[in-house]
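Undergrad: Dropping the structure in here first, questions after.
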Amino acid sequence: MQTLNTTSLKIVDNQLWILDQQALPQEKRWCPCPDVTSLVEHIQTLRVRGAPLIGLSASLLLALLAEKGLSQAELAQALETLRASRPTAVNLMNNLDRMKLALAQPQFVAALAQEAQRLVEEDRALCERIADHGTTLVKPNSRLLTHCNTGGLATAGIGTAIGVLLRAHQQGKVEQVWVDETRPLLQGGRLTAWELGELGIPYQLICDSMAASLMAQGQVDAIWVGADRIAANGDVANKIGTYSLAVLAHYHQIPFYVAAPHTTLDPACPHGRSIPIEQRAAAEVTGVSGSFGNCQWAPQNAAVYNPAFDVTPAELISGWVLDTGVVTPQDVQEGIFQTALK
Ligand code: MRU
């Protein structure tokens, strides 16, 4: 396969490497990814994370394994193992459905390589188009709040919600970005803060619980988040804490936008209640660990509830900003997502 270089995935000498997003920003560490077991582990520990990137990494690995000589049956098994690695982000399933079609072809080795490369190229282009559409909604001198991490680390391109922030910043419209730290795994505090710094976008980091008082003080002009799955009725699963931001935005009459590629749509999923929500280990809530060290603050054996995502109902969303354009609440009521991928 051709050499590939994105912010957090690369292929060198026919080997997939992933940038360890658990080690950032303290350390820029690349991990080899020679087989399905290693990628599943990287995905489940969130070294590889972000809905689009999960799907792309799985697709690229399959193509590389085909080139290494795995049989069609072995690749089919690998595909299903990868599909089950994280349940909520539907980009993984959507990408793997396309890889499955390539795998069924007689020239499957070439077909898989071509399809994986196409998915990467498409994702880059989708990010650009999301940014083009999203920036039309950003007003001059905006103070924008974002949650989790939706940038170049989570995609093959400039990102989804962060891509919009970048484009709007390049157009001189962003006064500053409020970055939610995003408990429990701190994708905002570690990754978004780092990315915005690298991009030169002015930001201030806040604890998740500070968003309400900022909104009450009139210091937030709009909220921009990504998505892990968009159901047919417009409900959106995204990183835990997104729903509370949407409720707060509604109360304070602040626009709440979701930016995502069409690979995040799941027309077969009727509503948010049908979206599987990943439950994660207690240790993520009882303390914190990373390349900065480990620390537990809760009592040993504290009982913990740790869903990785929540669902924001469609009625709280002001606009779904896709690569295909801005979808309005009225479009959603008219059933635009039910037919989106048909
Ligand atoms: O658990 P994570 O870090 O993979 O969760 C990521 C998010 O919730 C993102 O907002 C979403 O995947 C979109 S990334 C472009």
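Labeling convention for the structure tokens: chains A, B, ... as they appear, residues from 1 per chain, ligands from 1 in order of appearance.
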List as an MDAnalysis selection string the protein and nucleic acid residues near A:Asp13, meaning an atom at most 12 Å away when only C-alpha atoms are counted, but skip any in the same chain fewer than 3 places from it.
TA: chainID A and resid 1:4 10 16:17 32 34 64 67:68
Undergrad: I'd like a table as JSON lines: residues in stretch 221-306 of chain A with an atom no more than 7 Å from stretch 143-153 of chain A, each row giving the shortest atom pair and its distance in Å to one decimal, only C-alpha atoms counted, sorted by chain and rising residue number.
TA:
```
{"residue": "A:Asp221", "atom": "CA", "partner": "A:Arg143", "partner_atom": "CA", "distance": 5.3}
{"residue": "A:Ala222", "atom": "CA", "partner": "A:Leu144", "partner_atom": "CA", "distance": 5.1}
{"residue": "A:Ile223", "atom": "CA", "partner": "A:Leu145", "partner_atom": "CA", "distance": 4.7}
{"residue": "A:Trp224", "atom": "CA", "partner": "A:Thr146", "partner_atom": "CA", "distance": 5.2}
{"residue": "A:Val225", "atom": "CA", "partner": "A:Thr146", "partner_atom": "CA", "distance": 5.6}
{"residue": "A:Gly226", "atom": "CA", "partner": "A:Thr150", "partner_atom": "CA", "distance": 6.0}
{"residue": "A:Lys239", "atom": "CA", "partner": "A:Cys148", "partner_atom": "CA", "distance": 6.5}
{"residue": "A:Thr242", "atom": "CA", "partner": "A:His147", "partner_atom": "CA", "distance": 6.9}
```
Undergrad: Rank A:Phe256, A:Trp297, A:Tyr203, A:Tyr305 by their smallest atom-to-atom distance to A:Leu137, using only C-alpha atoms, and report the top residue only.
TA: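 Among the listed residues, A:Phe256 lies closest to A:Leu137.
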Undergrad: Hey, which of A:Ser57, A:Gln333, A:Ser289, A:Gln279 ends up closest to A:Leu9? Count only C-alpha atoms.
TA: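 Ranked by minimum distance to A:Leu9, first place goes to A:Ser57.
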Undergrad: Can you write out as a tab-separated table which residues of chain A fall within 8 Å of ligand 1, alongside each residue's closest atom pair and its distance in Å to one decimal, counting only C-alpha atoms and all ligand atoms and ordering rows by chain and ascending residue number?
TA:
```
residue	atom	partner	partner_atom_place_in_ligand_line	distance
A:Leu46	CA	ligand 1	4 (O)	6.6
A:Val48	CA	ligand 1	4 (O)	7.7
A:Arg49	CA	ligand 1	4 (O)	4.0
A:Gly50	CA	ligand 1	12 (O)	3.7
A:Ala51	CA	ligand 1	12 (O)	3.7
A:Pro52	CA	ligand 1	15 (C)	5.9
A:Leu53	CA	ligand 1	14 (S)	7.6
A:Ile54	CA	ligand 1	4 (O)	7.8
A:Ala89	CA	ligand 1	12 (O)	6.5
A:His147	CA	ligand 1	10 (O)	7.1
A:Cys148	CA	ligand 1	10 (O)	5.5
A:Asn149	CA	ligand 1	10 (O)	5.7
A:Thr150	CA	ligand 1	15 (C)	3.8
A:Gly151	CA	ligand 1	15 (C)	6.1
A:Ala154	CA	ligand 1	14 (S)	5.0
A:Thr155	CA	ligand 1	15 (C)	5.9
A:Gly159	CA	ligand 1	15 (C)	5.8
A:Thr160	CA	ligand 1	15 (C)	5.2
A:Ala161	CA	ligand 1	15 (C)	7.1
A:Leu185	CA	ligand 1	3 (O)	7.7
A:Gln187	CA	ligand 1	3 (O)	6.2
A:Val225	CA	ligand 1	10 (O)	6.1
A:Gly226	CA	ligand 1	10 (O)	4.1
A:Ala227	CA	ligand 1	13 (C)	4.6
A:Asp228	CA	ligand 1	12 (O)	4.7
A:Ala237	CA	ligand 1	8 (O)	7.8
A:Asn238	CA	ligand 1	8 (O)	4.4
A:Lys239	CA	ligand 1	8 (O)	3.6
A:Ile240	CA	ligand 1	8 (O)	7.4
A:Ala260	CA	ligand 1	15 (C)	6.8
A:Ala308	CA	ligand 1	1 (O)	6.3
A:Phe309	CA	ligand 1	8 (O)	6.9
```
Undergrad: Among stretch 168-320 of chain A, which ones does DSSP place in strand (DSSP E or B), written as a PyMOL selection string?
TA: chain A and resi 174-180+203-206+222-225+229-231+236-239+256-259+265-266+279+287-290+293-296+307+309-312+319-320
Undergrad: Using the selection just defined, write its residues with N, CA and C atoms as a short mmCIF file (atom, residue, chain, number, x, y, z; two decimals), in the first residue's frame.
TA:
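Result file is out_30.cif:
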```
data_model
loop_
_atom_site.label_atom_id
_atom_site.label_comp_id
_atom_site.auth_asym_id
_atom_site.auth_seq_id
_atom_site.Cartn_x
_atom_site.Cartn_y
_atom_site.Cartn_z
N VAL A 174 -13.26 34.19 14.93
CA VAL A 174 -13.26 33.55 16.26
C VAL A 174 -12.51 34.40 17.26
N GLU A 175 -13.24 34.90 18.27
CA GLU A 175 -12.55 35.64 19.34
C GLU A 175 -11.81 34.63 20.22
N GLN A 176 -12.51 33.59 20.62
CA GLN A 176 -11.83 32.53 21.35
C GLN A 176 -12.72 31.30 21.47
N VAL A 177 -12.08 30.18 21.82
CA VAL A 177 -12.80 28.92 22.00
C VAL A 177 -12.72 28.53 23.47
N TRP A 178 -13.87 28.18 24.04
CA TRP A 178 -13.90 27.58 25.37
C TRP A 178 -13.76 26.07 25.19
N VAL A 179 -12.76 25.47 25.80
CA VAL A 179 -12.53 24.03 25.64
C VAL A 179 -12.94 23.31 26.91
N ASP A 180 -14.00 22.52 26.80
CA ASP A 180 -14.44 21.67 27.92
C ASP A 180 -13.37 20.60 28.16
N TYR A 203 -7.71 29.95 22.90
CA TYR A 203 -8.67 29.15 23.66
C TYR A 203 -8.43 29.31 25.15
N GLN A 204 -9.46 28.95 25.91
CA GLN A 204 -9.30 28.82 27.36
C GLN A 204 -9.92 27.50 27.76
N LEU A 205 -9.19 26.77 28.57
CA LEU A 205 -9.64 25.47 29.04
C LEU A 205 -10.53 25.66 30.26
N ILE A 206 -11.65 24.92 30.29
CA ILE A 206 -12.54 24.97 31.47
C ILE A 206 -12.87 23.55 31.92
N ALA A 222 -21.97 30.25 20.70
CA ALA A 222 -22.49 29.04 20.05
C ALA A 222 -21.68 27.85 20.55
N ILE A 223 -22.29 26.67 20.43
CA ILE A 223 -21.60 25.44 20.84
C ILE A 223 -21.44 24.56 19.61
N TRP A 224 -20.25 24.00 19.46
CA TRP A 224 -19.95 23.13 18.32
C TRP A 224 -19.41 21.81 18.84
N VAL A 225 -20.08 20.71 18.50
CA VAL A 225 -19.61 19.38 18.92
C VAL A 225 -19.61 18.45 17.71
N ARG A 229 -22.79 8.98 16.37
CA ARG A 229 -23.86 8.36 15.57
C ARG A 229 -25.04 9.33 15.53
N ILE A 230 -25.60 9.49 14.33
CA ILE A 230 -26.81 10.31 14.19
C ILE A 230 -27.93 9.39 13.76
N ALA A 231 -28.97 9.30 14.60
CA ALA A 231 -30.10 8.41 14.30
C ALA A 231 -31.02 9.04 13.26
N VAL A 236 -28.55 12.52 18.51
CA VAL A 236 -27.09 12.39 18.31
C VAL A 236 -26.42 11.79 19.54
N ALA A 237 -25.67 10.71 19.33
CA ALA A 237 -24.81 10.20 20.40
C ALA A 237 -23.45 10.86 20.25
N ASN A 238 -22.95 11.39 21.35
CA ASN A 238 -21.60 11.97 21.35
C ASN A 238 -21.03 11.83 22.76
N LYS A 239 -19.80 12.23 22.93
CA LYS A 239 -19.09 12.07 24.20
C LYS A 239 -19.95 12.51 25.38
N PHE A 256 -26.78 25.44 19.15
CA PHE A 256 -26.04 24.21 19.46
C PHE A 256 -25.91 23.41 18.15
N TYR A 257 -24.69 23.34 17.62
CA TYR A 257 -24.47 22.72 16.31
C TYR A 257 -23.70 21.40 16.44
N VAL A 258 -24.09 20.44 15.61
CA VAL A 258 -23.39 19.16 15.52
C VAL A 258 -22.73 19.09 14.15
N ALA A 259 -21.43 18.86 14.11
CA ALA A 259 -20.71 18.75 12.83
C ALA A 259 -20.25 17.31 12.64
N LEU A 265 -23.96 8.98 9.92
CA LEU A 265 -25.42 8.79 9.88
C LEU A 265 -25.76 7.31 9.97
N ASP A 266 -26.83 7.02 10.68
CA ASP A 266 -27.31 5.64 10.76
C ASP A 266 -28.83 5.63 10.54
N GLN A 279 -20.21 1.19 27.84
CA GLN A 279 -19.93 1.38 29.27
C GLN A 279 -18.45 1.08 29.48
N GLY A 287 -10.21 7.80 39.17
CA GLY A 287 -8.92 8.49 39.16
C GLY A 287 -8.56 8.89 37.74
N VAL A 288 -7.31 9.11 37.50
CA VAL A 288 -6.88 9.52 36.17
C VAL A 288 -5.51 8.90 35.90
N SER A 289 -5.31 8.49 34.65
CA SER A 289 -3.97 7.99 34.33
C SER A 289 -3.61 8.37 32.91
N GLY A 290 -2.33 8.50 32.69
CA GLY A 290 -1.83 8.88 31.37
C GLY A 290 -0.33 8.93 31.43
N GLY A 293 1.24 10.06 34.56
CA GLY A 293 1.22 9.23 35.77
C GLY A 293 -0.17 8.73 36.10
N ASN A 294 -0.29 8.06 37.24
CA ASN A 294 -1.58 7.50 37.67
C ASN A 294 -1.94 8.06 39.03
N CYS A 295 -3.23 8.28 39.23
CA CYS A 295 -3.65 8.76 40.53
C CYS A 295 -5.07 8.29 40.77
N GLN A 296 -5.32 7.72 41.90
CA GLN A 296 -6.70 7.36 42.25
C GLN A 296 -7.11 8.20 43.44
N PRO A 307 -20.80 5.59 31.52
CA PRO A 307 -21.14 5.51 30.10
C PRO A 307 -20.25 6.47 29.31
N PHE A 309 -20.77 7.73 26.34
CA PHE A 309 -21.51 8.66 25.46
C PHE A 309 -22.87 8.96 26.06
N ASP A 310 -23.47 10.07 25.62
CA ASP A 310 -24.88 10.30 25.92
C ASP A 310 -25.59 10.68 24.63
N VAL A 311 -26.91 10.79 24.72
CA VAL A 311 -27.69 11.08 23.51
C VAL A 311 -28.35 12.44 23.67
N THR A 312 -28.16 13.29 22.69
CA THR A 312 -28.81 14.60 22.65
C THR A 312 -30.02 14.50 21.73
N GLY A 319 -28.67 22.79 14.35
CA GLY A 319 -28.29 22.45 12.98
C GLY A 319 -27.31 21.29 12.97
N TRP A 320 -27.45 20.40 11.96
CA TRP A 320 -26.53 19.29 11.78
C TRP A 320 -25.68 19.69 10.58
#
```
